[in-house]
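Participant: Okay, so here is upload.json, and as you'll see once you scroll down, it has JSON, C-alpha atoms.
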```json
[["chain", "number", "residue", "atom", "x", "y", "z"],
["A", 532, "MET", "CA", -8.80, 9.79, -40.83],
["A", 533, "PRO", "CA", -9.33, 10.89, -37.18],
["A", 534, "ASP", "CA", -8.05, 14.28, -36.14],
["A", 535, "PRO", "CA", -5.11, 13.58, -33.74],
["A", 536, "SER", "CA", -5.50, 17.03, -32.18],
["A", 537, "LEU", "CA", -8.79, 16.07, -30.53],
["A", 538, "PRO", "CA", -8.24, 15.30, -26.82],
["A", 539, "SER", "CA", -10.57, 12.30, -26.84],
["A", 540, "GLN", "CA", -8.45, 10.70, -29.52],
["A", 541, "ILE", "CA", -5.15, 11.57, -27.85],
["A", 542, "LEU", "CA", -6.16, 10.26, -24.45],
["A", 543, "LYS", "CA", -7.94, 7.03, -25.23],
["A", 544, "ARG", "CA", -8.71, 5.84, -21.74],
["A", 545, "ASP", "CA", -8.66, 2.10, -22.00],
["A", 546, "ASP", "CA", -6.94, -0.55, -19.88],
["A", 547, "SER", "CA", -3.58, 0.22, -21.50],
["A", 548, "TYR", "CA", -3.90, 3.91, -20.64],
["A", 549, "TYR", "CA", -4.48, 3.24, -16.95],
["A", 550, "MET", "CA", -1.85, 0.49, -16.84],
["A", 551, "ARG", "CA", 0.69, 3.02, -18.17],
["A", 552, "LEU", "CA", -0.22, 5.21, -15.20],
["A", 553, "ALA", "CA", 0.39, 2.24, -12.90],
["A", 554, "ILE", "CA", 3.76, 1.68, -14.62],
["A", 555, "ALA", "CA", 4.61, 5.32, -13.90],
["A", 556, "GLN", "CA", 3.83, 4.65, -10.23],
["A", 557, "ALA", "CA", 6.12, 1.61, -10.38],
["A", 558, "HIS", "CA", 8.89, 3.90, -11.67],
["A", 559, "ARG", "CA", 8.32, 6.03, -8.55],
["A", 560, "ALA", "CA", 8.82, 2.92, -6.41],
["A", 561, "GLU", "CA", 12.03, 2.12, -8.23],
["A", 562, "GLU", "CA", 13.33, 5.64, -7.57],
["A", 563, "LEU", "CA", 12.71, 4.93, -3.87],
["A", 564, "ASN", "CA", 14.71, 1.67, -4.20],
["A", 565, "GLU", "CA", 11.49, -0.29, -3.71],
["A", 566, "VAL", "CA", 10.31, -3.24, -5.77],
["A", 567, "PRO", "CA", 8.72, -1.48, -8.78],
["A", 568, "VAL", "CA", 5.02, -2.15, -8.41],
["A", 569, "GLY", "CA", 2.45, 0.56, -9.06],
["A", 570, "ALA", "CA", -1.32, 0.77, -8.71],
["A", 571, "VAL", "CA", -4.07, 3.11, -9.89],
["A", 572, "LEU", "CA", -7.71, 3.00, -8.74],
["A", 573, "VAL", "CA", -10.25, 4.28, -11.26],
["A", 574, "ALA", "CA", -13.96, 5.10, -11.04],
["A", 575, "PRO", "CA", -16.39, 3.96, -13.76],
["A", 576, "SER", "CA", -16.39, 7.57, -15.03],
["A", 577, "GLY", "CA", -12.65, 7.31, -15.69],
["A", 578, "GLU", "CA", -11.74, 9.55, -12.76],
["A", 579, "ILE", "CA", -8.56, 8.52, -10.99],
["A", 580, "ILE", "CA", -9.47, 8.05, -7.34],
["A", 581, "ALA", "CA", -6.01, 7.10, -5.99],
["A", 582, "CYS", "CA", -2.60, 5.90, -7.04],
["A", 583, "ALA", "CA", 0.35, 4.47, -5.15],
["A", 584, "CYS", "CA", 3.56, 2.51, -5.40],
["A", 585, "ASN", "CA", 5.28, -0.04, -3.18],
["A", 586, "GLU", "CA", 6.74, 1.58, -0.06],
["A", 587, "THR", "CA", 7.41, -1.38, 2.23],
["A", 588, "ILE", "CA", 11.08, -0.54, 2.72],
["A", 589, "SER", "CA", 10.79, 3.23, 3.10],
["A", 590, "ARG", "CA", 7.80, 2.96, 5.47],
["A", 591, "HIS", "CA", 9.22, -0.02, 7.37],
["A", 592, "ASP", "CA", 5.82, -1.61, 6.82],
["A", 593, "PRO", "CA", 5.37, -5.08, 5.30],
["A", 594, "THR", "CA", 1.79, -4.18, 4.36],
["A", 595, "ALA", "CA", 2.73, -1.07, 2.35],
["A", 596, "HIS", "CA", 2.16, -2.75, -1.01],
["A", 597, "ALA", "CA", 1.01, -0.49, -3.85],
["A", 598, "GLU", "CA", -2.47, -2.03, -3.79],
["A", 599, "ILE", "CA", -2.95, -1.54, -0.04],
["A", 600, "LEU", "CA", -1.72, 2.07, -0.13],
["A", 601, "CYS", "CA", -4.02, 2.76, -3.07],
["A", 602, "LEU", "CA", -7.02, 1.31, -1.22],
["A", 603, "ARG", "CA", -6.19, 3.33, 1.90],
["A", 604, "ALA", "CA", -5.89, 6.57, -0.08],
["A", 605, "ALA", "CA", -9.17, 5.90, -1.89],
["A", 606, "GLY", "CA", -11.01, 5.09, 1.34],
["A", 607, "ALA", "CA", -9.77, 8.32, 2.89],
["A", 608, "ARG", "CA", -10.71, 10.30, -0.21],
["A", 609, "ILE", "CA", -14.27, 9.02, -0.48],
["A", 610, "ASN", "CA", -14.77, 8.52, 3.26],
["A", 611, "ASN", "CA", -15.78, 4.91, 2.90],
["A", 612, "TYR", "CA", -14.05, 1.56, 3.18],
["A", 613, "ARG", "CA", -16.32, 0.14, 0.49],
["A", 614, "LEU", "CA", -14.84, 0.96, -2.89],
["A", 615, "LEU", "CA", -17.73, -0.30, -4.97],
["A", 616, "ASP", "CA", -17.48, -0.50, -8.77],
["A", 617, "LEU", "CA", -13.90, 0.80, -8.88],
["A", 618, "THR", "CA", -11.21, -0.79, -11.03],
["A", 619, "LEU", "CA", -7.72, -1.37, -9.69],
["A", 620, "TYR", "CA", -4.86, -1.40, -12.20],
["A", 621, "VAL", "CA", -1.65, -2.91, -10.85],
["A", 622, "THR", "CA", 1.55, -3.88, -12.62],
["A", 623, "LEU", "CA", 2.05, -7.19, -10.78],
["A", 624, "GLU", "CA", -0.47, -9.84, -9.80],
["A", 625, "PRO", "CA", -1.56, -9.19, -6.20],
["A", 626, "CYS", "CA", -0.43, -11.39, -3.31],
["A", 627, "VAL", "CA", -2.83, -13.09, -0.90],
["A", 628, "MET", "CA", -2.92, -10.08, 1.46],
["A", 629, "CYS", "CA", -3.75, -7.68, -1.35],
["A", 630, "ALA", "CA", -6.26, -10.02, -3.00],
["A", 631, "MET", "CA", -8.21, -10.33, 0.25],
["A", 632, "ALA", "CA", -8.11, -6.56, 0.72],
["A", 633, "LEU", "CA", -9.70, -6.19, -2.74],
["A", 634, "ILE", "CA", -12.50, -8.50, -1.67],
["A", 635, "HIS", "CA", -13.04, -6.67, 1.62],
["A", 636, "ALA", "CA", -13.06, -3.30, -0.18],
["A", 637, "ARG", "CA", -15.60, -4.65, -2.69],
["A", 638, "ILE", "CA", -13.52, -3.61, -5.70],
["A", 639, "GLY", "CA", -15.45, -4.26, -8.90],
["A", 640, "ARG", "CA", -12.59, -5.16, -11.21],
["A", 641, "LEU", "CA", -8.89, -5.96, -11.07],
["A", 642, "VAL", "CA", -6.56, -5.48, -14.04],
["A", 643, "PHE", "CA", -2.96, -6.61, -13.65],
["A", 644, "GLY", "CA", 0.02, -6.61, -15.95],
["A", 645, "THR", "CA", 2.23, -9.58, -15.24],
["A", 646, "CYS", "CA", 1.80, -12.75, -13.22],
["A", 647, "ASP", "CA", 3.71, -13.35, -10.00],
["A", 648, "LEU", "CA", 4.84, -16.96, -10.22],
["A", 649, "LYS", "CA", 6.09, -16.96, -6.61],
["A", 650, "THR", "CA", 3.30, -15.34, -4.60],
["A", 651, "GLY", "CA", 0.51, -14.46, -7.05],
["A", 652, "ALA", "CA", -2.95, -14.95, -5.58],
["A", 653, "CYS", "CA", -5.14, -14.29, -8.61],
["A", 654, "GLY", "CA", -4.52, -17.47, -10.55],
["A", 655, "SER", "CA", -0.76, -18.01, -10.78],
["A", 656, "VAL", "CA", 0.05, -19.69, -7.45],
["A", 657, "PHE", "CA", -3.20, -19.26, -5.55],
["A", 658, "ASP", "CA", -6.64, -18.35, -6.87],
["A", 659, "ILE", "CA", -8.10, -16.48, -3.92],
["A", 660, "LEU", "CA", -10.45, -14.27, -5.92],
["A", 661, "SER", "CA", -12.38, -17.09, -7.56],
["A", 662, "ASP", "CA", -13.15, -18.99, -4.37],
["A", 663, "PRO", "CA", -16.95, -19.38, -4.33],
["A", 664, "ARG", "CA", -17.06, -19.10, -0.52],
["A", 665, "HIS", "CA", -16.40, -15.35, -0.66],
["A", 666, "ASN", "CA", -19.36, -13.00, -0.32],
["A", 667, "HIS", "CA", -17.92, -10.70, -3.02],
["A", 668, "HIS", "CA", -16.49, -11.52, -6.42],
["A", 669, "LEU", "CA", -14.71, -9.27, -8.86],
["A", 670, "THR", "CA", -13.81, -9.44, -12.50],
["A", 671, "VAL", "CA", -10.14, -10.07, -13.27],
["A", 672, "THR", "CA", -8.28, -9.12, -16.45],
["A", 673, "GLN", "CA", -4.65, -10.15, -16.69],
["A", 674, "GLY", "CA", -1.83, -9.52, -19.13],
["A", 675, "VAL", "CA", -2.39, -5.83, -19.93],
["A", 676, "LEU", "CA", 1.03, -4.53, -21.03],
["A", 677, "LYS", "CA", 2.41, -7.79, -19.67],
["A", 678, "GLU", "CA", 5.83, -7.57, -21.34],
["A", 679, "GLU", "CA", 6.44, -4.00, -20.21],
["A", 680, "CYS", "CA", 5.45, -4.78, -16.63],
["A", 681, "ALA", "CA", 7.55, -7.97, -16.55],
["A", 682, "LYS", "CA", 10.58, -6.23, -18.05],
["A", 683, "GLN", "CA", 10.43, -3.46, -15.45],
["A", 684, "LEU", "CA", 10.52, -6.01, -12.64],
["A", 685, "SER", "CA", 13.17, -8.29, -14.18],
["A", 686, "SER", "CA", 15.44, -5.32, -14.97],
["A", 687, "PHE", "CA", 15.11, -4.09, -11.39],
["A", 688, "PHE", "CA", 16.03, -7.47, -9.90],
["A", 689, "ALA", "CA", 18.91, -7.99, -12.37],
["A", 690, "ARG", "CA", 20.33, -4.60, -11.40],
["A", 691, "ARG", "CA", 19.85, -5.34, -7.70],
["A", 692, "ARG", "CA", 21.65, -8.71, -8.02],
["A", 693, "ALA", "CA", 24.52, -7.01, -9.87],
["A", 694, "GLU", "CA", 24.80, -4.40, -7.12],
["A", 695, "ILE", "CA", 24.93, -7.14, -4.47],
["A", 696, "ARG", "CA", 27.63, -9.04, -6.38],
["A", 697, "LYS", "CA", 29.65, -5.85, -6.78],
["A", 698, "ALA", "CA", 29.33, -5.05, -3.07],
["A", 699, "ARG", "CA", 30.44, -8.57, -2.15],
["A", 700, "GLY", "CA", 33.41, -8.26, -4.52],
["A", 701, "LEU", "CA", 34.43, -4.95, -2.97],
["A", 702, "LYS", "CA", 34.12, -6.44, 0.51],
["A", 703, "LYS", "CA", 36.31, -9.41, -0.43],
["A", 704, "ALA", "CA", 38.87, -7.12, -2.08],
["A", 705, "SER", "CA", 39.06, -4.88, 1.01],
["A", 706, "GLU", "CA", 39.35, -7.90, 3.30],
["A", 707, "GLY", "CA", 42.17, -9.27, 1.13],
["A", 708, "ALA", "CA", 43.99, -5.96, 1.17],
["A", 709, "ALA", "CA", 43.63, -5.76, 4.94],
["A", 710, "GLY", "CA", 45.05, -9.26, 5.34],
["A", 711, "VAL", "CA", 41.88, -10.70, 6.81]]
```
Render the structure in this file as structure tokens.
Facilitator:
Amino acid sequence: MPDPSLPSQILKRDDSYYMRLAIAQAHRAEELNEVPVGAVLVAPSGEIIACACNETISRHDPTAHAEILCLRAAGARINNYRLLDLTLYVTLEPCVMCAMALIHARIGRLVFGTCDLKTGACGSVFDILSDPRHNHHLTVTQGVLKEECAKQLSSFFARRRAEIRKARGLKKASEGAAGV
């Protein structure tokens, strides 16, 4: 039986390990009242190059998706816009903007948790990454910790809808009390 006290056995660094780090980034986004999407960019050696979460609302920036912020941080860290051979782990399938940024950055591999059936651009709605006209192609792995990633998003949106209904109910109640 393996010795559980050995660090290499405790920290098995596979796709699930890095996806859990992306999920932790998504929790950060949720704490900021952002859509909970997280991303982690990893070198072939296993070194974490950058990580980020959605910040579109707090930055007032429609491009501040977790993937884009992760790419920007990595580019700044390594002083290059080409992020060759790196793997991006993200909790939700990237949109068209993010998928094209992965191509332009020359990311080697994309791993995502759950599909985005509304705006996914890596096979769900669009399939931007497999278009043969691109001058760069990357490997895509989907479904890593799929249920956990999907549950995080669905719980967030269910809570948000409940908050909106509650706010509408309070507004109606105050209007009724004021005789409006």
Participant: Leaving out Leu615 in chain A and any residue of its chain fewer than 5 positions from it, which residues lie within 10 Å of it when counting all atoms listed in the file, given as a PyMOL selection string?
Facilitator: chain A and resi 574-575+636-640
Participant: Residues of range 568-599 of chain A that have any atom at most 12 Å from an atom of range 673-684 of chain A: could you tabulate them with the shortest-distance atom pair and the distance in Å to one decimal, using only C-alpha atoms, ordered by chain and increasing number, as JSON lines?
Facilitator:
```
{"residue": "A:Val568", "atom": "CA", "partner": "A:Leu684", "partner_atom": "CA", "distance": 7.9}
{"residue": "A:Gly569", "atom": "CA", "partner": "A:Cys680", "partner_atom": "CA", "distance": 9.7}
{"residue": "A:Ala570", "atom": "CA", "partner": "A:Cys680", "partner_atom": "CA", "distance": 11.8}
```
Participant: Show which residues sit within 12 Å of Ala632 in chain A, as a PyMOL selection string. Count all atoms listed in the file, and ignore same-chain residues fewer than 2 positions away.
Facilitator: chain A and resi 594+596-603+612-614+619+625-630+634-638+641+652+659-660+667+669
Participant: Env of Glu586 in chain A: 10 Å cut, atoms = only C-alpha atoms, seq-sep filter 4 positions within chain, self excluded. Answer as a ChimeraX atom specification.
Facilitator: /A:559-561,563-568,590-597,600
Participant: Extract, using only C-alpha atoms, all DNA, RNA and protein residues at most 7 Å from Met550 in chain A, discarding same-chain residues fewer than 6 positions from it, and format them as a PyMOL selection string.
Facilitator: chain A and resi 620-622
Participant: So how far away is CA of Ala607 in chain A from CA of Arg664 in chain A, in Å?
Facilitator: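 Going from CA of Arg664 in chain A over to CA of Ala607 in chain A, I get 28.6 Å.
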Participant: Quote the spacing between CA of Cys582 in chain A and CA of Gln556 in chain A in Å to one decimal place.
Facilitator: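 Separating CA of Cys582 in chain A from CA of Gln556 in chain A is a distance of 7.3 Å.
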Participant: So which residues are close to (-6.7, 7.7, -13.2), meaning at most 9 Å away in the file's coordinates with all atoms listed in the file counted, and can you show them as a list in words?
Facilitator: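 Nearby residues: Arg544, Tyr548, Tyr549, Leu552, Ala553, Val571, Leu572, Val573, Ala574, Gly577, Glu578, Ile579, Ile580, Ala581 and Cys582 of chain A.
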Participant: Which distance in Å separates CA of Asn666 in chain A and CA of Met631 in chain A, to one decimal?
Facilitator: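 Distance between the two atoms: 11.5 Å.
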Participant: Which of these residues is nearest to Leu633 in chain A, using only C-alpha atoms: A:His668, A:Lys697, A:Arg690, A:Lys649?
Facilitator: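 Smallest distance to Leu633 in chain A is found for A:His668.
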